[in-house]
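Engineer: The file below is entry36.cif, mmCIF, C-alpha atoms:
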data_work
loop_
_atom_site.label_atom_id
_atom_site.label_comp_id
_atom_site.auth_asym_id
_atom_site.auth_seq_id
_atom_site.Cartn_x
_atom_site.Cartn_y
_atom_site.Cartn_z
CA ARG A 1 -9.11 -1.58 -2.28
CA LEU A 2 -5.82 -2.49 -0.60
CA VAL A 3 -4.53 0.32 1.62
CA SER A 4 -1.04 0.74 3.02
CA GLU A 5 -0.72 0.72 6.81
CA ALA A 6 1.75 3.60 6.51
CA SER A 7 -0.61 6.00 4.72
CA PRO A 8 -4.29 5.96 3.78
CA ASN A 9 -3.32 7.83 0.58
CA THR A 10 -1.21 4.89 -0.61
CA PHE A 11 -3.49 2.25 -2.05
CA LEU A 12 -4.36 -0.04 -4.93
CA GLU A 13 -7.95 -0.45 -6.12
CA PHE A 14 -10.12 -1.66 -8.95
CA ALA A 15 -12.76 0.60 -10.45
CA PHE A 16 -15.42 0.42 -13.15
CA ASP A 17 -14.88 2.85 -16.03
CA PRO A 18 -18.05 3.27 -18.12
CA ALA A 19 -16.48 5.89 -20.41
CA GLY A 20 -15.45 4.99 -23.90
CA GLU A 21 -16.88 2.59 -26.43
CA THR A 22 -16.43 -0.47 -24.22
CA PRO A 23 -16.81 -0.21 -20.42
CA GLN A 24 -13.83 -1.68 -18.60
CA VAL A 25 -12.21 -2.36 -15.27
CA ILE A 26 -9.26 -0.15 -14.40
CA GLY A 27 -6.58 -0.62 -11.81
CA ARG A 28 -5.70 2.51 -9.85
CA VAL A 29 -2.57 2.97 -7.75
CA SER A 30 -2.07 5.94 -5.46
CA LEU A 31 1.39 6.52 -3.97
CA GLU A 32 2.09 9.25 -1.44
CA HIS A 33 5.60 10.67 -1.67
CA GLY A 34 5.87 12.90 1.40
CA ARG A 35 6.38 16.53 0.44
CA GLN A 36 6.39 15.66 -3.24
CA GLY A 37 2.69 14.90 -3.02
CA ARG A 38 0.59 12.07 -4.27
CA VAL A 39 0.84 10.30 -7.62
CA VAL A 40 -2.19 8.44 -8.97
CA GLU A 41 -1.87 6.11 -11.95
CA GLU A 42 -4.62 4.21 -13.75
CA ARG A 43 -4.53 1.54 -16.41
CA PRO A 44 -7.05 -0.88 -17.86
CA ILE A 45 -7.08 -4.46 -16.60
CA GLY A 46 -6.89 -6.90 -19.51
CA ASP A 47 -5.97 -4.10 -21.91
CA GLY A 48 -9.09 -3.61 -23.98
CA LYS A 49 -10.94 -6.80 -23.06
CA ARG A 50 -14.63 -6.71 -22.31
CA ILE A 51 -15.37 -7.09 -18.59
CA ALA A 52 -16.97 -10.50 -19.16
CA ASP A 53 -13.76 -11.68 -20.85
CA LEU A 54 -11.38 -10.79 -18.00
CA THR A 55 -9.54 -13.69 -16.44
CA GLU A 56 -7.85 -14.36 -13.12
CA ASP A 57 -4.55 -14.08 -14.98
CA ASP A 58 -5.40 -10.53 -16.10
CA VAL A 59 -6.00 -9.50 -12.49
CA ALA A 60 -2.96 -11.43 -11.22
CA LYS A 61 -0.66 -9.68 -13.73
CA PHE A 62 -1.82 -6.29 -12.50
CA LEU A 63 -1.43 -7.26 -8.84
CA ALA A 64 2.01 -8.82 -9.37
CA ALA A 65 3.24 -5.61 -10.99
CA GLU A 66 1.69 -3.15 -8.55
CA ILE A 67 1.77 -4.68 -5.06
CA PRO A 68 5.59 -4.43 -4.82
CA ARG A 69 5.27 -0.70 -5.49
CA LEU A 70 3.12 -0.36 -2.36
CA ILE A 71 5.50 -2.39 -0.22
CA LEU A 72 8.93 -1.41 -1.54
CA ARG A 73 8.60 2.34 -1.60
CA PRO A 74 11.73 4.48 -1.07
#
Just give me the structure of the file as structure tokens.
Structural biologist:
Amino acid sequence: RLVSEASPNTFLEFAFDPAGETPQVIGRVSLEHGRQGRVVEERPIGDGKRIADLTEDDVAKFLAAEIPRLILRP
């Protein structure tokens, strides 16, 4: 889990999701927007790949897309 210094409710993390036909790793992003509340988004890492088939590139793509959202918030 990577947590923003500005707010403990703004973070990026990886989680194991055993639901579904094939267990998978999901990436979860939580962004706190002041009075508007908190938005939590989840998406699979490697889009449908088995956990054993995930690569560093799969993880890097997720991080490259999501880390700027934690840093460059309005």
Engineer: Selection in question (the file shown): the PyMOL selection byres ((chain A and resi 71) around 12). Which residues does it include, as a PyMOL selection string?
Structural biologist: chain A and resi 2-7+10-12+31+64-70+72-74
Engineer: State, in Å with one decimal place, the distance from atom CA of A:Phe14 to atom CA of A:Leu63.
Structural biologist: 10.3 Å
Engineer: For the atom pair atom CA of A:Val40 and atom CA of A:Ala52, what is the interatomic distance in Å to one decimal place?
Structural biologist: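 It comes out at 26.1 Å.
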Engineer: Which residues are near stretch 16-25 of chain A? Cut-off 9 Å, only C-alpha atoms, ignore same chain within fewer than 4 positions. Put them as a JSON list (two decimals) with C-alpha atoms, keeping the file's coordinate frame.
Structural biologist:
[["chain", "number", "residue", "atom", "x", "y", "z"],
["A", 43, "ARG", "CA", -4.53, 1.54, -16.41],
["A", 44, "PRO", "CA", -7.05, -0.88, -17.86],
["A", 45, "ILE", "CA", -7.08, -4.46, -16.60],
["A", 46, "GLY", "CA", -6.89, -6.90, -19.51],
["A", 47, "ASP", "CA", -5.97, -4.10, -21.91],
["A", 48, "GLY", "CA", -9.09, -3.61, -23.98],
["A", 49, "LYS", "CA", -10.94, -6.80, -23.06],
["A", 50, "ARG", "CA", -14.63, -6.71, -22.31],
["A", 51, "ILE", "CA", -15.37, -7.09, -18.59],
["A", 54, "LEU", "CA", -11.38, -10.79, -18.00]]
Engineer: As an exercise, work out the distance from atom CA of A:Glu13 to atom CA of A:Asp57 in Å and give it to one decimal place.
Structural biologist: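 Atom CA of A:Asp57 lies 16.6 Å from atom CA of A:Glu13.
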Engineer: Around stretch 30-45 of chain A, with edges along x, y and z and 5 Å added on all six sides, what centre and edge lengths do you get, in Å to one decimal, as lines of an AutoDock Vina configuration file?
Structural biologist:
center_x = -0.3
center_y = 6.0
center_z = -8.2
size_x = 23.5
size_y = 31.0
size_z = 29.3
Engineer: How would you write, as a PyMOL selection string, the residues chosen by the PyMOL selection byres ((chain A and resi 41) around 6) on this structure?
Structural biologist: chain A and resi 28-29+40+42
